[in-house]
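So this block is final37.txt, compact mmCIF, C-alpha atoms:
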```txt
# COMPACT_ATOMS: atom_id res chain seq x y z
CA MET A 1 -151.23 281.88 21.38
CA PRO A 2 -154.09 281.71 18.87
CA LYS A 3 -153.35 279.46 15.86
CA LYS A 4 -154.10 282.30 13.43
CA VAL A 5 -151.49 284.57 15.04
CA SER A 6 -148.98 281.72 15.17
CA ARG A 7 -149.41 281.04 11.46
CA LEU A 8 -148.99 284.74 10.69
CA LEU A 9 -145.77 284.95 12.69
CA GLY A 10 -144.46 281.86 10.87
CA ILE A 11 -145.14 283.43 7.47
CA LEU A 12 -143.45 286.66 8.54
CA LEU A 13 -140.40 284.70 9.77
CA VAL A 14 -140.06 282.85 6.42
CA MET A 15 -140.34 286.17 4.52
CA LEU A 16 -137.66 287.72 6.75
CA VAL A 17 -135.22 284.85 6.15
CA ALA A 18 -135.80 284.98 2.38
CA PHE A 19 -135.29 288.75 2.31
CA SER A 20 -132.05 288.42 4.31
CA GLY A 21 -130.76 285.87 1.82
CA TYR A 22 -131.63 288.16 -1.08
CA VAL A 23 -129.78 291.07 0.55
CA ALA A 24 -126.72 288.87 1.16
CA GLN A 25 -126.74 287.63 -2.45
CA SER A 26 -127.15 291.18 -3.76
CA GLN A 27 -124.26 292.36 -1.61
CA GLU A 28 -122.12 289.45 -2.85
CA ARG A 29 -122.87 290.36 -6.49
CA ASN A 30 -122.05 293.99 -5.81
CA ASP A 31 -118.78 293.05 -4.10
CA LYS A 32 -117.78 290.93 -7.09
CA SER A 33 -118.75 293.66 -9.54
CA TYR A 34 -116.51 296.20 -7.90
CA ALA A 35 -113.65 293.90 -6.91
CA PRO A 36 -110.35 294.83 -8.63
CA VAL A 37 -109.41 292.45 -11.45
CA ALA A 38 -105.75 291.37 -11.63
CA THR A 39 -104.10 292.17 -14.95
CA GLN A 40 -102.04 289.64 -16.90
CA THR A 41 -98.88 291.69 -16.58
CA GLU A 42 -98.36 291.88 -12.85
CA PRO A 43 -94.72 292.73 -11.98
CA GLY A 44 -92.48 289.71 -11.43
CA LYS A 45 -94.97 287.34 -13.02
CA LEU A 46 -92.44 285.62 -15.29
CA THR A 47 -89.52 283.62 -13.92
CA VAL A 48 -87.11 281.62 -16.07
CA LYS A 49 -84.62 279.33 -14.34
CA MET A 50 -81.79 277.71 -16.28
CA LEU A 51 -81.23 274.80 -13.91
CA ASP A 52 -77.75 273.63 -13.00
CA VAL A 53 -78.01 270.04 -14.24
CA GLY A 54 -74.54 269.43 -15.63
CA GLN A 55 -73.96 268.81 -19.34
CA GLY A 56 -77.54 269.08 -20.49
CA ASP A 57 -80.50 271.44 -20.72
CA ALA A 58 -83.38 271.92 -18.29
CA ILE A 59 -85.07 275.32 -18.17
CA LEU A 60 -88.00 276.00 -15.86
CA ILE A 61 -90.54 278.67 -16.85
CA GLU A 62 -92.97 279.89 -14.20
CA THR A 63 -95.82 282.25 -15.06
CA GLY A 64 -98.72 283.31 -12.90
CA ASP A 65 -100.72 280.34 -14.17
CA GLN A 66 -98.42 277.57 -15.36
CA THR A 67 -95.15 275.79 -14.68
CA VAL A 68 -93.33 274.67 -17.83
CA LEU A 69 -90.12 272.67 -18.27
CA VAL A 70 -88.07 272.98 -21.46
CA ASP A 71 -85.89 269.85 -21.75
CA THR A 72 -85.03 267.53 -18.89
CA SER A 73 -81.21 267.18 -18.69
CA ASP A 74 -79.16 263.99 -19.27
CA ILE A 75 -79.96 260.49 -18.12
CA ASP A 76 -76.95 260.41 -15.76
CA GLU A 77 -77.98 263.76 -14.23
CA GLN A 78 -81.43 262.68 -13.03
CA ASP A 79 -80.56 263.20 -9.36
CA LYS A 80 -79.53 266.78 -10.11
CA LEU A 81 -82.78 267.41 -11.99
CA ARG A 82 -84.82 265.95 -9.15
CA ALA A 83 -82.98 268.12 -6.60
CA GLN A 84 -83.34 271.28 -8.69
CA LEU A 85 -87.06 270.81 -9.23
CA ARG A 86 -87.54 270.10 -5.53
CA GLN A 87 -85.60 273.23 -4.63
CA ALA A 88 -87.76 275.24 -7.03
CA GLY A 89 -90.87 273.98 -5.23
CA VAL A 90 -92.37 272.37 -8.32
CA LYS A 91 -95.58 270.43 -7.65
CA ARG A 92 -96.93 269.97 -11.18
CA LEU A 93 -95.67 270.54 -14.70
CA ASP A 94 -98.40 271.92 -16.92
CA LYS A 95 -96.27 271.58 -20.04
CA VAL A 96 -93.01 269.84 -20.93
CA ILE A 97 -91.29 270.98 -24.14
CA LEU A 98 -88.60 268.66 -25.51
CA THR A 99 -86.50 270.39 -28.14
CA HIS A 100 -85.03 267.21 -29.69
CA PRO A 101 -84.44 263.58 -28.69
CA HIS A 102 -80.77 263.65 -27.65
CA ALA A 103 -80.12 262.10 -24.24
CA ASP A 104 -78.90 265.36 -22.65
CA HIS A 105 -82.30 266.93 -23.38
CA ILE A 106 -84.77 264.08 -22.77
CA GLY A 107 -82.77 262.01 -20.28
CA GLY A 108 -84.76 263.18 -17.26
CA MET A 109 -88.19 262.21 -18.57
CA ASP A 110 -88.19 259.14 -16.30
CA VAL A 111 -87.98 261.48 -13.30
CA VAL A 112 -90.54 263.91 -14.67
CA LEU A 113 -93.15 261.27 -15.44
CA ALA A 114 -92.58 259.33 -12.21
CA ASP A 115 -92.47 262.25 -9.77
CA TYR A 116 -94.85 264.85 -11.23
CA GLU A 117 -98.29 265.23 -12.65
CA VAL A 118 -97.73 266.34 -16.25
CA GLY A 119 -100.36 268.16 -18.30
CA GLU A 120 -99.07 267.87 -21.87
CA VAL A 121 -95.82 267.10 -23.69
CA TYR A 122 -94.55 268.90 -26.80
CA ASP A 123 -91.67 267.94 -29.10
CA ASN A 124 -90.55 268.39 -32.71
CA GLY A 125 -93.12 265.93 -34.02
CA MET A 126 -90.56 263.57 -35.52
CA PRO A 127 -89.97 259.93 -34.54
CA SER A 128 -86.76 258.63 -33.01
CA THR A 129 -85.22 255.22 -32.41
CA SER A 130 -83.68 256.40 -29.13
CA LYS A 131 -84.46 253.99 -26.29
CA ILE A 132 -85.14 256.94 -23.97
CA TYR A 133 -87.58 258.41 -26.51
CA LEU A 134 -89.38 255.10 -27.00
CA ARG A 135 -89.60 254.58 -23.24
CA TYR A 136 -91.15 257.96 -22.48
CA MET A 137 -93.55 257.68 -25.42
CA LYS A 138 -94.76 254.37 -23.97
CA GLU A 139 -95.16 256.00 -20.55
CA LEU A 140 -97.11 258.92 -22.03
CA LYS A 141 -99.55 256.46 -23.54
CA LYS A 142 -99.79 254.54 -20.26
CA GLN A 143 -100.59 257.70 -18.28
CA GLY A 144 -102.89 259.16 -20.95
CA ILE A 145 -100.76 262.29 -21.40
CA LYS A 146 -101.26 264.13 -24.69
CA ARG A 147 -98.20 264.63 -26.89
CA HIS A 148 -98.09 267.32 -29.59
CA GLY A 149 -95.62 268.00 -32.39
CA LEU A 150 -94.54 271.62 -32.82
CA LYS A 151 -93.79 273.46 -36.05
CA THR A 152 -93.15 276.99 -37.28
CA GLY A 153 -96.07 279.30 -36.53
CA ASP A 154 -97.44 277.41 -33.53
CA VAL A 155 -97.99 279.50 -30.40
CA LEU A 156 -98.28 278.05 -26.91
CA ASP A 157 -100.13 280.05 -24.28
CA LEU A 158 -98.20 279.63 -21.03
CA GLY A 159 -100.63 281.72 -19.03
CA GLY A 160 -100.20 285.07 -17.33
CA GLY A 161 -99.76 286.82 -20.68
CA VAL A 162 -96.69 284.69 -21.58
CA LEU A 163 -96.45 283.09 -25.04
CA PHE A 164 -94.03 280.65 -26.64
CA LYS A 165 -93.86 281.33 -30.39
CA VAL A 166 -92.41 278.42 -32.37
CA LEU A 167 -89.90 279.39 -35.07
CA ALA A 168 -88.70 275.91 -36.07
CA PRO A 169 -88.82 273.18 -37.26
CA SER A 170 -90.68 274.09 -40.43
CA GLU A 171 -93.74 272.17 -41.57
CA GLU A 172 -91.75 270.94 -44.58
CA LEU A 173 -88.95 269.59 -42.39
CA VAL A 174 -91.43 267.83 -40.10
CA ALA A 175 -93.07 266.21 -43.14
CA LYS A 176 -89.68 264.94 -44.34
CA GLY A 177 -88.75 263.83 -40.84
CA THR A 178 -91.78 261.58 -40.53
CA GLN A 179 -90.97 259.65 -43.72
CA ARG A 180 -89.48 256.20 -43.45
CA GLY A 181 -85.75 256.12 -44.15
CA TYR A 182 -85.19 259.85 -43.60
CA LYS A 183 -81.72 260.56 -42.18
CA HIS A 184 -82.23 262.73 -39.11
CA ASP A 185 -79.98 265.52 -37.86
CA PRO A 186 -81.54 266.04 -34.40
CA ASN A 187 -79.60 269.21 -33.51
CA ASN A 188 -80.87 270.98 -36.62
CA GLU A 189 -84.39 269.67 -36.02
CA SER A 190 -84.54 271.36 -32.61
CA VAL A 191 -87.62 273.21 -31.49
CA VAL A 192 -86.60 276.87 -31.58
CA GLY A 193 -88.98 279.33 -29.97
CA GLN A 194 -89.27 282.88 -28.72
CA LEU A 195 -90.65 283.43 -25.23
CA ILE A 196 -92.75 286.60 -25.29
CA TYR A 197 -94.00 288.57 -22.30
CA GLY A 198 -94.99 292.18 -22.94
CA ASP A 199 -91.88 293.87 -24.33
CA PHE A 200 -89.58 291.10 -23.11
CA ARG A 201 -88.23 288.43 -25.48
CA MET A 202 -86.04 285.39 -24.85
CA MET A 203 -84.82 283.09 -27.62
CA PHE A 204 -84.84 279.34 -26.91
CA THR A 205 -82.64 277.35 -29.29
CA GLY A 206 -82.21 273.78 -28.12
CA ASP A 207 -79.11 272.52 -29.93
CA ALA A 208 -79.81 274.38 -33.18
CA GLU A 209 -76.65 274.92 -35.20
CA ALA A 210 -75.80 277.36 -37.98
CA GLU A 211 -77.78 275.30 -40.50
CA GLU A 212 -81.07 275.68 -38.63
CA GLU A 213 -80.32 279.30 -37.75
CA LYS A 214 -79.84 280.02 -41.47
CA ALA A 215 -83.14 278.30 -42.32
CA ILE A 216 -85.03 280.38 -39.75
CA LEU A 217 -83.46 283.60 -41.05
CA ALA A 218 -84.39 282.70 -44.63
CA ALA A 219 -87.98 281.83 -43.71
CA LEU A 220 -88.80 284.58 -41.23
CA GLY A 221 -86.27 287.34 -41.84
CA PRO A 222 -84.21 289.03 -39.13
CA ASP A 223 -86.69 291.69 -38.02
CA SER A 224 -88.93 289.39 -35.97
CA LEU A 225 -86.13 287.66 -34.08
CA GLN A 226 -84.79 290.38 -31.80
CA SER A 227 -84.62 289.20 -28.19
CA GLN A 228 -82.97 290.65 -25.11
CA VAL A 229 -81.82 287.23 -23.92
CA LEU A 230 -80.46 284.26 -25.87
CA LYS A 231 -80.35 280.70 -24.64
CA ALA A 232 -77.06 279.84 -26.33
CA GLY A 233 -77.46 277.12 -28.93
CA HIS A 234 -75.85 273.71 -28.30
CA HIS A 235 -74.34 274.63 -24.92
CA GLY A 236 -72.22 277.41 -26.43
CA SER A 237 -70.79 275.30 -29.23
CA LYS A 238 -68.82 276.92 -32.07
CA THR A 239 -71.25 275.23 -34.49
CA SER A 240 -74.06 277.48 -33.20
CA SER A 241 -74.51 281.21 -32.65
CA SER A 242 -73.41 282.24 -36.14
CA LYS A 243 -72.61 285.91 -36.72
CA GLU A 244 -75.72 286.31 -38.87
CA TRP A 245 -77.93 284.77 -36.19
CA LEU A 246 -76.48 286.91 -33.42
CA ARG A 247 -76.89 290.08 -35.50
CA ALA A 248 -80.56 289.24 -36.11
CA VAL A 249 -81.37 288.27 -32.53
CA SER A 250 -79.23 291.12 -31.18
CA PRO A 251 -79.22 289.83 -27.60
CA GLN A 252 -77.81 291.65 -24.61
CA VAL A 253 -77.27 288.44 -22.64
CA ALA A 254 -76.39 284.82 -23.42
CA LEU A 255 -77.26 282.01 -21.00
CA ILE A 256 -75.24 278.80 -21.38
CA SER A 257 -76.10 275.43 -19.85
CA CYS A 258 -73.08 273.13 -19.61
CA GLY A 259 -71.21 270.90 -17.19
CA ALA A 260 -67.95 271.80 -15.50
CA GLY A 261 -64.98 270.27 -17.31
CA ASN A 262 -67.22 268.61 -19.89
CA ASP A 263 -65.65 266.42 -22.58
CA TYR A 264 -66.92 268.65 -25.40
CA GLY A 265 -65.07 271.78 -24.31
CA HIS A 266 -68.34 273.75 -24.10
CA PRO A 267 -68.60 276.66 -24.30
CA HIS A 268 -66.17 276.97 -27.20
CA LYS A 269 -63.84 279.94 -27.43
CA ALA A 270 -65.08 280.79 -30.93
CA ALA A 271 -68.65 281.23 -29.68
CA LEU A 272 -67.54 283.24 -26.65
CA LYS A 273 -65.52 285.48 -28.96
CA ARG A 274 -68.63 286.18 -31.06
CA TYR A 275 -70.59 287.02 -27.90
CA SER A 276 -67.82 289.32 -26.76
CA ALA A 277 -67.74 291.12 -30.11
CA LEU A 278 -71.36 292.14 -29.52
CA GLN A 279 -70.60 293.12 -25.90
CA MET A 280 -72.99 290.49 -24.60
CA GLN A 281 -73.06 289.53 -20.96
CA VAL A 282 -72.53 285.78 -20.57
CA TYR A 283 -73.70 283.48 -17.77
CA GLU A 284 -72.70 279.79 -17.55
CA THR A 285 -74.26 277.22 -15.23
CA ASP A 286 -70.90 275.48 -14.79
CA ARG A 287 -69.54 278.69 -13.24
CA VAL A 288 -72.48 280.25 -11.42
CA GLY A 289 -74.98 277.44 -10.86
CA THR A 290 -78.66 277.94 -11.59
CA ILE A 291 -79.39 281.17 -13.45
CA ILE A 292 -82.63 282.94 -12.50
CA LEU A 293 -84.24 285.54 -14.76
CA THR A 294 -87.34 287.52 -13.79
CA SER A 295 -89.33 289.96 -15.91
CA ASP A 296 -92.34 292.20 -15.43
CA GLY A 297 -92.93 292.38 -19.18
CA GLN A 298 -90.78 295.48 -19.58
CA ASP A 299 -87.51 295.14 -17.70
CA TYR A 300 -85.70 291.97 -16.69
CA ASP A 301 -83.29 291.01 -13.96
CA ILE A 302 -80.79 288.15 -13.70
CA ARG A 303 -79.34 286.65 -10.56
CA VAL A 304 -77.30 283.51 -10.02
CA GLU A 305 -77.22 280.74 -7.46
CA THR A 306 -73.73 281.64 -6.22
CA GLU A 307 -74.74 285.17 -5.20
```

Let me see the file written as structure tokens.
Amino acid sequence: MPKKVSRLLGILLVMLVAFSGYVAQSQERNDKSYAPVATQTEPGKLTVKMLDVGQGDAILIETGDQTVLVDTSDIDEQDKLRAQLRQAGVKRLDKVILTHPHADHIGGMDVVLADYEVGEVYDNGMPSTSKIYLRYMKELKKQGIKRHGLKTGDVLDLGGGVLFKVLAPSEELVAKGTQRGYKHDPNNESVVGQLIYGDFRMMFTGDAEAEEEKAILAALGPDSLQSQVLKAGHHGSKTSSSKEWLRAVSPQVALISCGAGNDYGHPHKAALKRYSALQMQVYETDRVGTIILTSDGQDYDIRVETE
């Protein structure tokens, strides 16, 4: 074959390959342009699991984008926490929210930090002399995990259209709580927040008692607190869930995390009576095991482990 013809065929071949690549790229761009985009409110996107971890709190929130743990149960319930997280198929915790530094809320941090990759940790921003607190703070520093203090007005984006709006502690309380010599009342310094997904609301209370409930009502008013579901304050203690708080939140359901036959008598009859007066449906982990709530941003559904 003459060299001139050979060169011409080579040029034509290069042009053909380039044109084919251009067509493929154009088709790829067109496919992407017309591909359906998933919305942030896909049905069943939000799952909240109140884990059965005995006399303590550990609530797992799963959105389309993140896995979040609110509190980590008690130090003597670490095996239960580990088993519950394994059963839930947890691989990574994007956020851990610790409502206050009592052992039955931060006692599982050893498990969390040893077994899982953790994105960020949030708490009430106040120091504690608790050995468990000091130990996990040291481990956070060792692993390079960011820790943030929460206060009224903060909003955490949990992904998938789900928000966690912080109602307490107030900025003033946090400022007092960081001063040397301040006498702490951890229950009433709990991180209180409202989980928001579309029209669905769930109130998270930690161990907040009537004192903190009253402070939130005074600062924010009752109109912004309405929630379909209430995480009962302080494991259903009579010192929490005041009548004024329940009227403002106006929940249809109360979820209570407590251990069977616990020494504190939780949930207390006085609190259960107040729930009953409002015709609330009550679920207790000591009776039904892990409580699983799902929501599509409009309706919600609750099922229990014993079903």

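Counting only C-alpha atoms, the residue from A:Val53, A:Tyr264, A:Met126, A:Leu98 that sits nearest to Gly193 (chain A) is A:Leu98.
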
statement: Between A:Ser190, A:Gln228, A:Gln298, A:Asn124, smallest distance to Ala175 (chain A) by only C-alpha atoms belongs to A:Asn124

Given only C-alpha atoms as the counted atoms, nearest of A:Ala168, A:Leu217, A:Val174, A:Leu246 to Gln194 (chain A): A:Ala168

message: Could you check the closest approach to His105 (chain A) for each of A:Thr290, A:Ser240, A:Ser295, A:Gln78 and tell me which residue wins, using only C-alpha atoms?
response: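 Checking each of A:Thr290, A:Ser240, A:Ser295, A:Gln78 against His105 (chain A), counting only C-alpha atoms, the winner is A:Gln78.
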
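The interatomic distance for the pair CA of Gly233 (chain A) and CA of Glu117 (chain A) works out to 29.0 Å.
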
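For the pair CA of Gly297 (chain A) and CA of Leu46 (chain A), the interatomic distance is 7.8 Å.
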
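Around the point (-81.4, 271.8, -32.6), within 7 Å and counting only C-alpha atoms, we find these residues: Thr99, His100, Pro186, Asn187, Asn188, Glu189, Ser190, Val191, Thr205, Gly206, Asp207, Ala208 and Glu209 of chain A.
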
- request: Have a look at A:Pro127, A:Pro267, A:Gly161, A:Gly119 and name the one nearest to Gln143 (chain A); count only C-alpha atoms.
  value: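 Smallest distance to Gln143 (chain A) is found for A:Gly119.
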
Residues near Asp65 (chain A), cut-off 8 Å, all atoms listed in the file, skip fewer than 6 positions along chain, as a ChimeraX atom specification: /A:158-160

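Computed from the coordinates, the CA of Ala271 (chain A) to CA of Arg247 (chain A) distance equals 13.4 Å.
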
Polymer residues at most 7 Å from region 90-97 of chain A, all atoms listed in the file, same-chain spacing of 6 or more positions, as a PyMOL selection string: chain A and resi 66-71+116-123
